[in-house]
>>> print(open('data20.cif').read())   # mmCIF, C-alpha atoms
data_my_file
loop_
_atom_site.group_PDB
_atom_site.id
_atom_site.type_symbol
_atom_site.label_atom_id
_atom_site.label_comp_id
_atom_site.auth_asym_id
_atom_site.auth_seq_id
_atom_site.Cartn_x
_atom_site.Cartn_y
_atom_site.Cartn_z
ATOM 1 C CA MET A 251 7.782 -22.342 24.414
ATOM 2 C CA ASN A 252 7.166 -18.615 24.851
ATOM 3 C CA ASN A 253 5.813 -17.560 28.230
ATOM 4 C CA LEU A 254 5.774 -13.821 27.622
ATOM 5 C CA SER A 255 2.492 -12.183 28.614
ATOM 6 C CA SER A 256 1.268 -8.709 27.808
ATOM 7 C CA PRO A 257 -1.535 -6.466 29.064
ATOM 8 C CA TYR A 258 -2.102 -5.434 25.421
ATOM 9 C CA HIS A 259 -4.199 -7.208 22.802
ATOM 10 C CA GLY A 260 -2.652 -5.796 19.617
ATOM 11 C CA ILE A 261 0.282 -3.724 18.354
ATOM 12 C CA PHE A 262 -0.028 -1.493 15.290
ATOM 13 C CA PHE A 263 2.767 0.231 13.387
ATOM 14 C CA ASP A 264 3.171 3.036 10.917
ATOM 15 C CA LEU A 265 5.140 1.734 7.917
ATOM 16 C CA ASP A 266 7.618 4.312 6.575
ATOM 17 C CA GLY A 267 10.067 5.379 9.272
ATOM 18 C CA THR A 268 8.626 3.085 11.948
ATOM 19 C CA LEU A 269 8.399 -0.509 10.768
ATOM 20 C CA ALA A 270 10.650 -0.182 7.726
ATOM 21 C CA ASP A 271 13.426 2.159 6.658
ATOM 22 C CA THR A 272 12.062 3.051 3.217
ATOM 23 C CA ALA A 273 13.677 6.494 2.915
ATOM 24 C CA PRO A 274 16.577 5.336 0.694
ATOM 25 C CA ASP A 275 14.210 4.323 -2.106
ATOM 26 C CA LEU A 276 11.890 7.307 -1.569
ATOM 27 C CA VAL A 277 14.836 9.716 -1.721
ATOM 28 C CA ALA A 278 16.202 7.977 -4.833
ATOM 29 C CA ALA A 279 12.845 8.441 -6.592
ATOM 30 C CA THR A 280 12.909 12.124 -5.599
ATOM 31 C CA ASN A 281 16.460 12.730 -6.785
ATOM 32 C CA GLN A 282 15.541 11.190 -10.142
ATOM 33 C CA LEU A 283 13.186 14.142 -10.606
ATOM 34 C CA LEU A 284 15.981 16.611 -9.951
ATOM 35 C CA VAL A 285 18.477 14.873 -12.223
ATOM 36 C CA ALA A 286 15.891 14.673 -15.031
ATOM 37 C CA ARG A 287 15.668 18.472 -14.830
ATOM 38 C CA ASN A 288 19.435 18.991 -14.824
ATOM 39 C CA LEU A 289 19.360 19.903 -11.143
ATOM 40 C CA ALA A 290 21.759 18.580 -8.529
ATOM 41 C CA PRO A 291 20.431 15.730 -6.362
ATOM 42 C CA LYS A 292 19.881 16.568 -2.712
ATOM 43 C CA PRO A 293 21.928 14.840 -0.002
ATOM 44 C CA TYR A 294 20.226 11.823 1.544
ATOM 45 C CA LYS A 295 20.559 13.226 5.079
ATOM 46 C CA PHE A 296 18.770 16.400 3.979
ATOM 47 C CA LEU A 297 15.793 14.632 2.357
ATOM 48 C CA ARG A 298 15.425 11.767 4.878
ATOM 49 C CA PRO A 299 13.225 13.682 7.372
ATOM 50 C CA TYR A 300 10.879 14.729 4.561
ATOM 51 C CA ALA A 301 10.131 11.046 3.832
ATOM 52 C CA SER A 302 7.807 11.076 6.846
ATOM 53 C CA ALA A 303 5.293 13.091 4.788
ATOM 54 C CA GLY A 304 5.614 10.999 1.608
ATOM 55 C CA ALA A 305 5.489 12.657 -1.827
ATOM 56 C CA ARG A 306 4.198 15.916 -0.399
ATOM 57 C CA GLY A 307 7.107 16.231 2.005
ATOM 58 C CA LEU A 308 9.782 15.050 -0.399
ATOM 59 C CA LEU A 309 8.698 17.452 -3.140
ATOM 60 C CA GLU A 310 8.731 20.263 -0.613
ATOM 61 C CA GLY A 311 12.260 19.307 0.395
ATOM 62 C CA ALA A 312 13.557 18.854 -3.142
ATOM 63 C CA PHE A 313 11.802 21.708 -4.939
ATOM 64 C CA GLY A 314 10.512 23.961 -2.155
ATOM 65 C CA ILE A 315 6.929 23.669 -3.418
ATOM 66 C CA ALA A 316 3.610 23.012 -1.694
ATOM 67 C CA THR A 317 0.599 21.084 -2.970
ATOM 68 C CA ASP A 318 -0.937 24.255 -4.467
ATOM 69 C CA HIS A 319 2.039 24.862 -6.783
ATOM 70 C CA PRO A 320 1.122 24.504 -10.483
ATOM 71 C CA ASP A 321 3.889 21.936 -11.038
ATOM 72 C CA TYR A 322 3.017 19.819 -7.995
ATOM 73 C CA ILE A 323 0.711 17.282 -9.680
ATOM 74 C CA THR A 324 3.139 16.629 -12.546
ATOM 75 C CA LEU A 325 6.045 16.168 -10.161
ATOM 76 C CA ARG A 326 3.996 13.996 -7.805
ATOM 77 C CA ASP A 327 2.876 11.675 -10.608
ATOM 78 C CA GLU A 328 6.420 11.358 -11.937
ATOM 79 C CA PHE A 329 7.717 10.697 -8.428
ATOM 80 C CA MET A 330 5.155 7.937 -7.958
ATOM 81 C CA SER A 331 6.108 6.364 -11.280
ATOM 82 C CA ASN A 332 9.787 6.422 -10.305
ATOM 83 C CA TYR A 333 9.069 4.932 -6.893
ATOM 84 C CA GLU A 334 6.744 2.228 -8.184
ATOM 85 C CA LYS A 335 9.536 0.902 -10.407
ATOM 86 C CA ALA A 336 11.999 0.590 -7.502
ATOM 87 C CA LEU A 337 10.051 -0.064 -4.302
ATOM 88 C CA LEU A 338 12.490 -2.450 -2.679
ATOM 89 C CA VAL A 339 16.068 -1.694 -3.664
ATOM 90 C CA HIS A 340 17.512 -0.450 -0.372
ATOM 91 C CA SER A 341 14.448 -0.467 1.902
ATOM 92 C CA ARG A 342 14.557 -2.864 4.860
ATOM 93 C CA LEU A 343 13.191 -3.399 8.333
ATOM 94 C CA PHE A 344 14.816 -1.260 10.999
ATOM 95 C CA ASP A 345 17.418 -3.078 13.077
ATOM 96 C CA GLY A 346 15.730 -5.171 15.755
ATOM 97 C CA MET A 347 12.278 -4.969 14.167
ATOM 98 C CA ASP A 348 12.227 -8.530 12.870
ATOM 99 C CA HIS A 349 13.140 -9.852 16.329
ATOM 100 C CA LEU A 350 10.381 -7.725 17.848
ATOM 101 C CA LEU A 351 7.811 -9.074 15.381
ATOM 102 C CA GLU A 352 8.940 -12.630 16.095
ATOM 103 C CA GLN A 353 8.441 -12.013 19.823
ATOM 104 C CA LEU A 354 4.920 -10.736 19.176
ATOM 105 C CA GLU A 355 4.107 -13.755 17.037
ATOM 106 C CA GLN A 356 5.489 -16.195 19.588
ATOM 107 C CA ALA A 357 3.304 -14.534 22.232
ATOM 108 C CA ASN A 358 0.281 -14.780 19.885
ATOM 109 C CA LEU A 359 -0.068 -10.991 19.928
ATOM 110 C CA PRO A 360 -1.569 -9.745 16.639
ATOM 111 C CA TRP A 361 0.244 -6.889 14.961
ATOM 112 C CA GLY A 362 -0.766 -4.708 12.046
ATOM 113 C CA ILE A 363 0.306 -1.901 9.727
ATOM 114 C CA VAL A 364 -1.463 1.452 9.421
ATOM 115 C CA THR A 365 0.156 3.792 6.903
ATOM 116 C CA ASN A 366 -0.767 6.864 4.882
ATOM 117 C CA LYS A 367 1.001 5.295 1.902
ATOM 118 C CA SER A 368 -1.535 4.439 -0.814
ATOM 119 C CA GLU A 369 -2.497 0.813 -1.454
ATOM 120 C CA ARG A 370 -0.779 1.101 -4.853
ATOM 121 C CA PHE A 371 2.552 1.006 -2.984
ATOM 122 C CA THR A 372 1.689 -0.557 0.383
ATOM 123 C CA HIS A 373 0.447 -3.863 -0.989
ATOM 124 C CA PRO A 374 3.384 -4.698 -3.293
ATOM 125 C CA LEU A 375 5.985 -3.397 -0.829
ATOM 126 C CA THR A 376 4.657 -5.361 2.142
ATOM 127 C CA GLU A 377 4.281 -8.451 -0.050
ATOM 128 C CA LEU A 378 7.894 -8.166 -1.225
ATOM 129 C CA MET A 379 9.132 -7.655 2.339
ATOM 130 C CA GLY A 380 7.155 -10.650 3.616
ATOM 131 C CA LEU A 381 5.186 -8.443 6.004
ATOM 132 C CA ARG A 382 1.678 -8.577 4.579
ATOM 133 C CA GLN A 383 1.530 -12.348 5.035
ATOM 134 C CA ARG A 384 2.427 -11.946 8.724
ATOM 135 C CA ALA A 385 0.370 -8.876 9.624
ATOM 136 C CA ALA A 386 -3.092 -9.319 11.128
ATOM 137 C CA SER A 387 -4.189 -6.206 9.218
ATOM 138 C CA THR A 388 -2.713 -3.788 6.684
ATOM 139 C CA VAL A 389 -4.478 -0.451 6.214
ATOM 140 C CA SER A 390 -3.299 2.207 3.764
ATOM 141 C CA GLY A 391 -3.984 5.906 3.421
ATOM 142 C CA ASP A 392 -6.742 5.266 0.888
ATOM 143 C CA THR A 393 -8.257 2.125 2.454
ATOM 144 C CA THR A 394 -10.742 4.191 4.452
ATOM 145 C CA PRO A 395 -12.240 7.603 3.591
ATOM 146 C CA HIS A 396 -9.797 9.338 5.954
ATOM 147 C CA PRO A 397 -5.994 9.059 6.314
ATOM 148 C CA LYS A 398 -4.183 9.729 9.595
ATOM 149 C CA PRO A 399 -4.367 11.866 11.732
ATOM 150 C CA HIS A 400 -8.013 10.722 11.561
ATOM 151 C CA PRO A 401 -8.403 7.662 13.826
ATOM 152 C CA GLU A 402 -10.498 5.631 11.348
ATOM 153 C CA PRO A 403 -7.572 3.803 9.660
ATOM 154 C CA ILE A 404 -6.300 2.649 13.071
ATOM 155 C CA LEU A 405 -9.775 1.643 14.241
ATOM 156 C CA HIS A 406 -10.299 -0.211 10.949
ATOM 157 C CA ALA A 407 -7.040 -2.123 11.464
ATOM 158 C CA ALA A 408 -8.113 -3.080 14.988
ATOM 159 C CA ARG A 409 -11.469 -4.335 13.704
ATOM 160 C CA ILE A 410 -9.783 -6.484 11.047
ATOM 161 C CA ALA A 411 -7.398 -7.889 13.661
ATOM 162 C CA ASN A 412 -10.357 -8.417 16.015
ATOM 163 C CA VAL A 413 -8.736 -6.601 18.933
ATOM 164 C CA ASP A 414 -9.951 -3.924 21.331
ATOM 165 C CA PRO A 415 -8.291 -0.623 20.335
ATOM 166 C CA THR A 416 -8.345 0.579 23.953
ATOM 167 C CA LYS A 417 -6.104 -2.369 24.837
ATOM 168 C CA SER A 418 -3.727 -1.846 21.936
ATOM 169 C CA ILE A 419 -0.607 0.172 21.065
ATOM 170 C CA TYR A 420 0.098 2.391 18.067
ATOM 171 C CA VAL A 421 3.697 3.204 17.125
ATOM 172 C CA GLY A 422 4.680 5.955 14.702
ATOM 173 C CA ASP A 423 7.398 8.443 13.773
ATOM 174 C CA ASP A 424 5.215 11.511 13.128
ATOM 175 C CA ILE A 425 2.989 13.673 15.308
ATOM 176 C CA ARG A 426 -0.035 12.674 13.203
ATOM 177 C CA ASP A 427 0.544 9.070 14.336
ATOM 178 C CA VAL A 428 0.269 10.108 17.967
ATOM 179 C CA ILE A 429 -2.825 12.232 17.274
ATOM 180 C CA ALA A 430 -4.501 9.361 15.415
ATOM 181 C CA GLY A 431 -3.502 6.749 17.976
ATOM 182 C CA LYS A 432 -4.809 8.809 20.884
ATOM 183 C CA ALA A 433 -8.068 9.513 19.057
ATOM 184 C CA ALA A 434 -8.447 5.755 18.519
ATOM 185 C CA GLY A 435 -8.027 5.163 22.243
ATOM 186 C CA MET A 436 -4.667 3.414 21.940
ATOM 187 C CA LEU A 437 -1.498 3.781 23.967
ATOM 188 C CA THR A 438 0.847 5.807 21.743
ATOM 189 C CA VAL A 439 4.579 5.328 21.203
ATOM 190 C CA ALA A 440 6.768 7.813 19.304
ATOM 191 C CA ALA A 441 9.525 6.162 17.265
ATOM 192 C CA ALA A 442 12.363 8.659 17.696
ATOM 193 C CA TYR A 443 14.641 6.482 15.514
ATOM 194 C CA GLY A 444 12.383 7.223 12.510
ATOM 195 C CA TYR A 445 12.110 10.204 10.183
ATOM 196 C CA CYS A 446 10.287 12.530 12.602
ATOM 197 C CA GLY A 447 9.831 15.078 9.843
ATOM 198 C CA CYS A 448 7.583 17.595 11.583
ATOM 199 C CA LYS A 449 8.964 20.722 13.205
ATOM 200 C CA GLU A 450 8.186 19.622 16.752
ATOM 201 C CA PRO A 451 10.522 17.015 18.273
ATOM 202 C CA PRO A 452 9.028 13.685 19.491
ATOM 203 C CA GLU A 453 9.131 14.969 23.073
ATOM 204 C CA ALA A 454 6.487 17.558 22.105
ATOM 205 C CA TRP A 455 4.008 15.145 20.487
ATOM 206 C CA GLY A 456 2.299 14.014 23.685
ATOM 207 C CA ALA A 457 3.001 10.302 23.170
ATOM 208 C CA ASP A 458 2.756 7.965 26.147
ATOM 209 C CA TYR A 459 6.252 6.646 25.433
ATOM 210 C CA ILE A 460 9.248 7.564 23.272
ATOM 211 C CA ILE A 461 11.560 4.820 22.004
ATOM 212 C CA GLN A 462 15.041 5.065 20.506
ATOM 213 C CA SER A 463 14.983 1.640 18.821
ATOM 214 C CA PRO A 464 12.374 -1.020 17.951
ATOM 215 C CA LEU A 465 13.639 -3.302 20.719
ATOM 216 C CA ASP A 466 12.744 -0.648 23.316
ATOM 217 C CA LEU A 467 9.139 -1.652 22.647
ATOM 218 C CA LEU A 468 9.649 -5.029 24.272
ATOM 219 C CA GLN A 469 9.697 -3.565 27.789
ATOM 220 C CA ILE A 470 6.477 -1.651 27.061
ATOM 221 C CA ILE A 471 4.633 -4.586 25.506
ATOM 222 C CA PHE A 472 5.945 -7.176 27.987
ATOM 223 C CA PRO A 473 6.463 -5.188 31.215
ATOM 224 C CA ASN A 474 7.162 -8.319 33.269
ATOM 225 C CA ARG A 475 9.675 -9.931 30.938
ATOM 226 C CA GLY A 476 12.546 -9.285 33.330
#
>>> encode(input="data20.cif", output="structure tokens")
Amino acid sequence: MNNLSSPYHGIFFDLDGTLADTAPDLVAATNQLLVARNLAPKPYKFLRPYASAGARGLLEGAFGIATDHPDYITLRDEFMSNYEKALLVHSRLFDGMDHLLEQLEQANLPWGIVTNKSERFTHPLTELMGLRQRAASTVSGDTTPHPKPHPEPILHAARIANVDPTKSIYVGDDIRDVIAGKAAGMLTVAAAYGYCGCKEPPEAWGADYIIQSPLDLLQIIFPNRG
């Protein structure tokens, strides 16, 4: 019997770089683009931080181009095709995350996913990882009219989970996660173990807490666990 109690009503997570380590498959899809053009693949450690911004970030890292570049759309579509064919080769939950989710479930605390990844990828990936069946809500970047840093995706997830956003936590590895979480009225937690791809370090994002591993969340969620 689990006797953990929490002052919070719901916990919501970003997906890439927070809940799951998906960068290996995202980087592989990016390097396929380079190899197909007879260019050398980029080192994983170099591209990993760019995974925080999805296709936009990875194409910037690999090719040095922005969304207004004439080749961007072609490269983006090819990247998405590559990724769709190999969503779950090396991706996995971060160490300790499954234990954390089990603790939430045993305490009857709903948890959800709020990502800027499009539903085209979020739904099959979370199904394959066994997450969508467990999550109280799963909201993608194109589920609502606005992606993060707009608060609507997070508020939408809270409504689906039937929890008060002002008594909930949002965890993410990018400054836009903190901006969105704060705008939704949630306590915000910066996942410093994630990709953290923006120029400012997590300490500069204004989050309520910074964690170095998923298990660090336990003391925040269950402050009296001892």
>>> residues_around(input="data20.cif", residues="range 275-286 of chain A", least_positions_apart="4", cutoff="9 Å", atoms="only C-alpha atoms", output="VMD selection string")
chain A and resid 290 to 294 297 to 298 300 to 301 304 to 305 308 to 309 312 to 313 325 328 to 334 336 to 341
>>> axis_aligned_box(input="data20.cif", around="range 310-316 of chain A", padding_each_side="4 Å", output="AutoDock Vina command-line options")
--center_x 8.6 --center_y 21.4 --center_z -2.3 --size_x 17.9 --size_y 13.1 --size_z 13.3
>>> residues_near_point(input="data20.cif", point="(-10.4, 2.8, 7.0)", cutoff="9 Å", atoms="only C-alpha atoms", output="list in words")
Val389, Ser390, Gly391, Asp392, Thr393, Thr394, Pro395, His396, Pro397, Pro401, Glu402, Pro403, Ile404, Leu405, His406 and Ala407 of chain A
>>> resolve_selection(input="data20.cif", expression="the PyMOL selection byres ((chain A and resi 475) around 10)", output="list in words")
Asn253, Leu254, Ser255, Ser256, Leu468, Gln469, Ile470, Ile471, Phe472, Pro473, Asn474 and Gly476 of chain A
>>> closest_residue(input="data20.cif", among="A:Glu355, A:Asp266, A:Asp318, A:Asp414", to="Phe371 in chain A", atoms="all atoms listed in the file")
A:Asp266
>>> closest_residue(input="data20.cif", among="A:Lys449, A:Lys417, A:Lys295, A:His319", to="Leu359 in chain A", atoms="all atoms listed in the file")
A:Lys417
>>> resolve_selection(input="data20.cif", expression="the PyMOL selection byres ((chain A and resi 415) around 8)", output="PDB file with C-alpha atoms, in the coordinates of the input")
ATOM      1  CA  GLY A 260      -2.652  -5.796  19.617  1.00  0.00           C
ATOM      2  CA  LEU A 405      -9.775   1.643  14.241  1.00  0.00           C
ATOM      3  CA  ALA A 408      -8.113  -3.080  14.988  1.00  0.00           C
ATOM      4  CA  VAL A 413      -8.736  -6.601  18.933  1.00  0.00           C
ATOM      5  CA  ASP A 414      -9.951  -3.924  21.331  1.00  0.00           C
ATOM      6  CA  THR A 416      -8.345   0.579  23.953  1.00  0.00           C
ATOM      7  CA  LYS A 417      -6.104  -2.369  24.837  1.00  0.00           C
ATOM      8  CA  SER A 418      -3.727  -1.846  21.936  1.00  0.00           C
ATOM      9  CA  ILE A 419      -0.607   0.172  21.065  1.00  0.00           C
ATOM     10  CA  ALA A 434      -8.447   5.755  18.519  1.00  0.00           C
ATOM     11  CA  GLY A 435      -8.027   5.163  22.243  1.00  0.00           C
ATOM     12  CA  MET A 436      -4.667   3.414  21.940  1.00  0.00           C
TER      13      MET A 436
END
>>> decode(input="data20.cif", residues="range 409-434 of chain A", atoms="N, CA and C atoms", output="CSV table (one decimal), in the first residue's frame")
chain,number,residue,atom,x,y,z
A,409,ARG,N,-7.0,20.1,-18.4
A,409,ARG,CA,-8.5,19.9,-18.5
A,409,ARG,C,-8.8,18.4,-18.8
A,410,ILE,N,-8.1,17.8,-19.7
A,410,ILE,CA,-8.3,16.4,-20.0
A,410,ILE,C,-8.1,15.5,-18.8
A,411,ALA,N,-7.0,15.8,-18.0
A,411,ALA,CA,-6.7,15.0,-16.8
A,411,ALA,C,-7.6,15.4,-15.7
A,412,ASN,N,-8.4,16.5,-15.8
A,412,ASN,CA,-9.4,16.9,-14.8
A,412,ASN,C,-8.7,17.3,-13.5
A,413,VAL,N,-7.6,18.1,-13.7
A,413,VAL,CA,-6.9,18.6,-12.5
A,413,VAL,C,-6.7,20.1,-12.6
A,414,ASP,N,-6.6,20.8,-11.5
A,414,ASP,CA,-6.4,22.2,-11.4
A,414,ASP,C,-5.0,22.5,-11.8
A,415,PRO,N,-4.8,23.3,-12.9
A,415,PRO,CA,-3.4,23.6,-13.3
A,415,PRO,C,-2.6,24.4,-12.2
A,416,THR,N,-3.3,25.2,-11.4
A,416,THR,CA,-2.6,25.9,-10.3
A,416,THR,C,-2.1,25.0,-9.2
A,417,LYS,N,-2.5,23.8,-9.2
A,417,LYS,CA,-2.0,22.8,-8.2
A,417,LYS,C,-1.3,21.7,-8.9
A,418,SER,N,-0.6,22.0,-10.0
A,418,SER,CA,0.1,21.0,-10.8
A,418,SER,C,1.5,21.5,-11.1
A,419,ILE,N,2.3,20.5,-11.6
A,419,ILE,CA,3.7,20.8,-12.0
A,419,ILE,C,3.9,20.5,-13.4
A,420,TYR,N,4.8,21.4,-14.1
A,420,TYR,CA,5.2,21.1,-15.4
A,420,TYR,C,6.7,21.0,-15.5
A,421,VAL,N,7.2,20.0,-16.1
A,421,VAL,CA,8.6,19.7,-16.2
A,421,VAL,C,9.1,19.7,-17.6
A,422,GLY,N,10.2,20.4,-17.9
A,422,GLY,CA,10.7,20.5,-19.3
A,422,GLY,C,12.1,20.8,-19.3
A,423,ASP,N,12.7,20.6,-20.5
A,423,ASP,CA,14.2,20.8,-20.7
A,423,ASP,C,14.5,22.0,-21.6
A,424,ASP,N,13.5,22.9,-21.7
A,424,ASP,CA,13.8,24.1,-22.6
A,424,ASP,C,13.1,25.3,-21.9
A,425,ILE,N,13.6,26.5,-22.2
A,425,ILE,CA,13.1,27.7,-21.6
A,425,ILE,C,11.6,27.9,-22.0
A,426,ARG,N,11.2,27.4,-23.2
A,426,ARG,CA,9.8,27.6,-23.6
A,426,ARG,C,8.9,26.8,-22.7
A,427,ASP,N,9.4,25.7,-22.1
A,427,ASP,CA,8.6,24.9,-21.2
A,427,ASP,C,8.3,25.6,-19.9
A,428,VAL,N,9.3,26.3,-19.4
A,428,VAL,CA,9.2,27.1,-18.2
A,428,VAL,C,8.2,28.3,-18.5
A,429,ILE,N,8.4,29.0,-19.6
A,429,ILE,CA,7.5,30.1,-19.9
A,429,ILE,C,6.0,29.6,-20.0
A,430,ALA,N,5.8,28.5,-20.7
A,430,ALA,CA,4.5,28.0,-20.9
A,430,ALA,C,3.9,27.5,-19.5
A,431,GLY,N,4.7,26.8,-18.7
A,431,GLY,CA,4.2,26.3,-17.5
A,431,GLY,C,3.8,27.4,-16.5
A,432,LYS,N,4.7,28.5,-16.5
A,432,LYS,CA,4.4,29.6,-15.6
A,432,LYS,C,3.1,30.3,-16.1
A,433,ALA,N,2.9,30.5,-17.4
A,433,ALA,CA,1.7,31.1,-18.0
A,433,ALA,C,0.5,30.3,-17.7
A,434,ALA,N,0.6,29.0,-17.5
A,434,ALA,CA,-0.5,28.1,-17.2
A,434,ALA,C,-0.8,28.1,-15.7
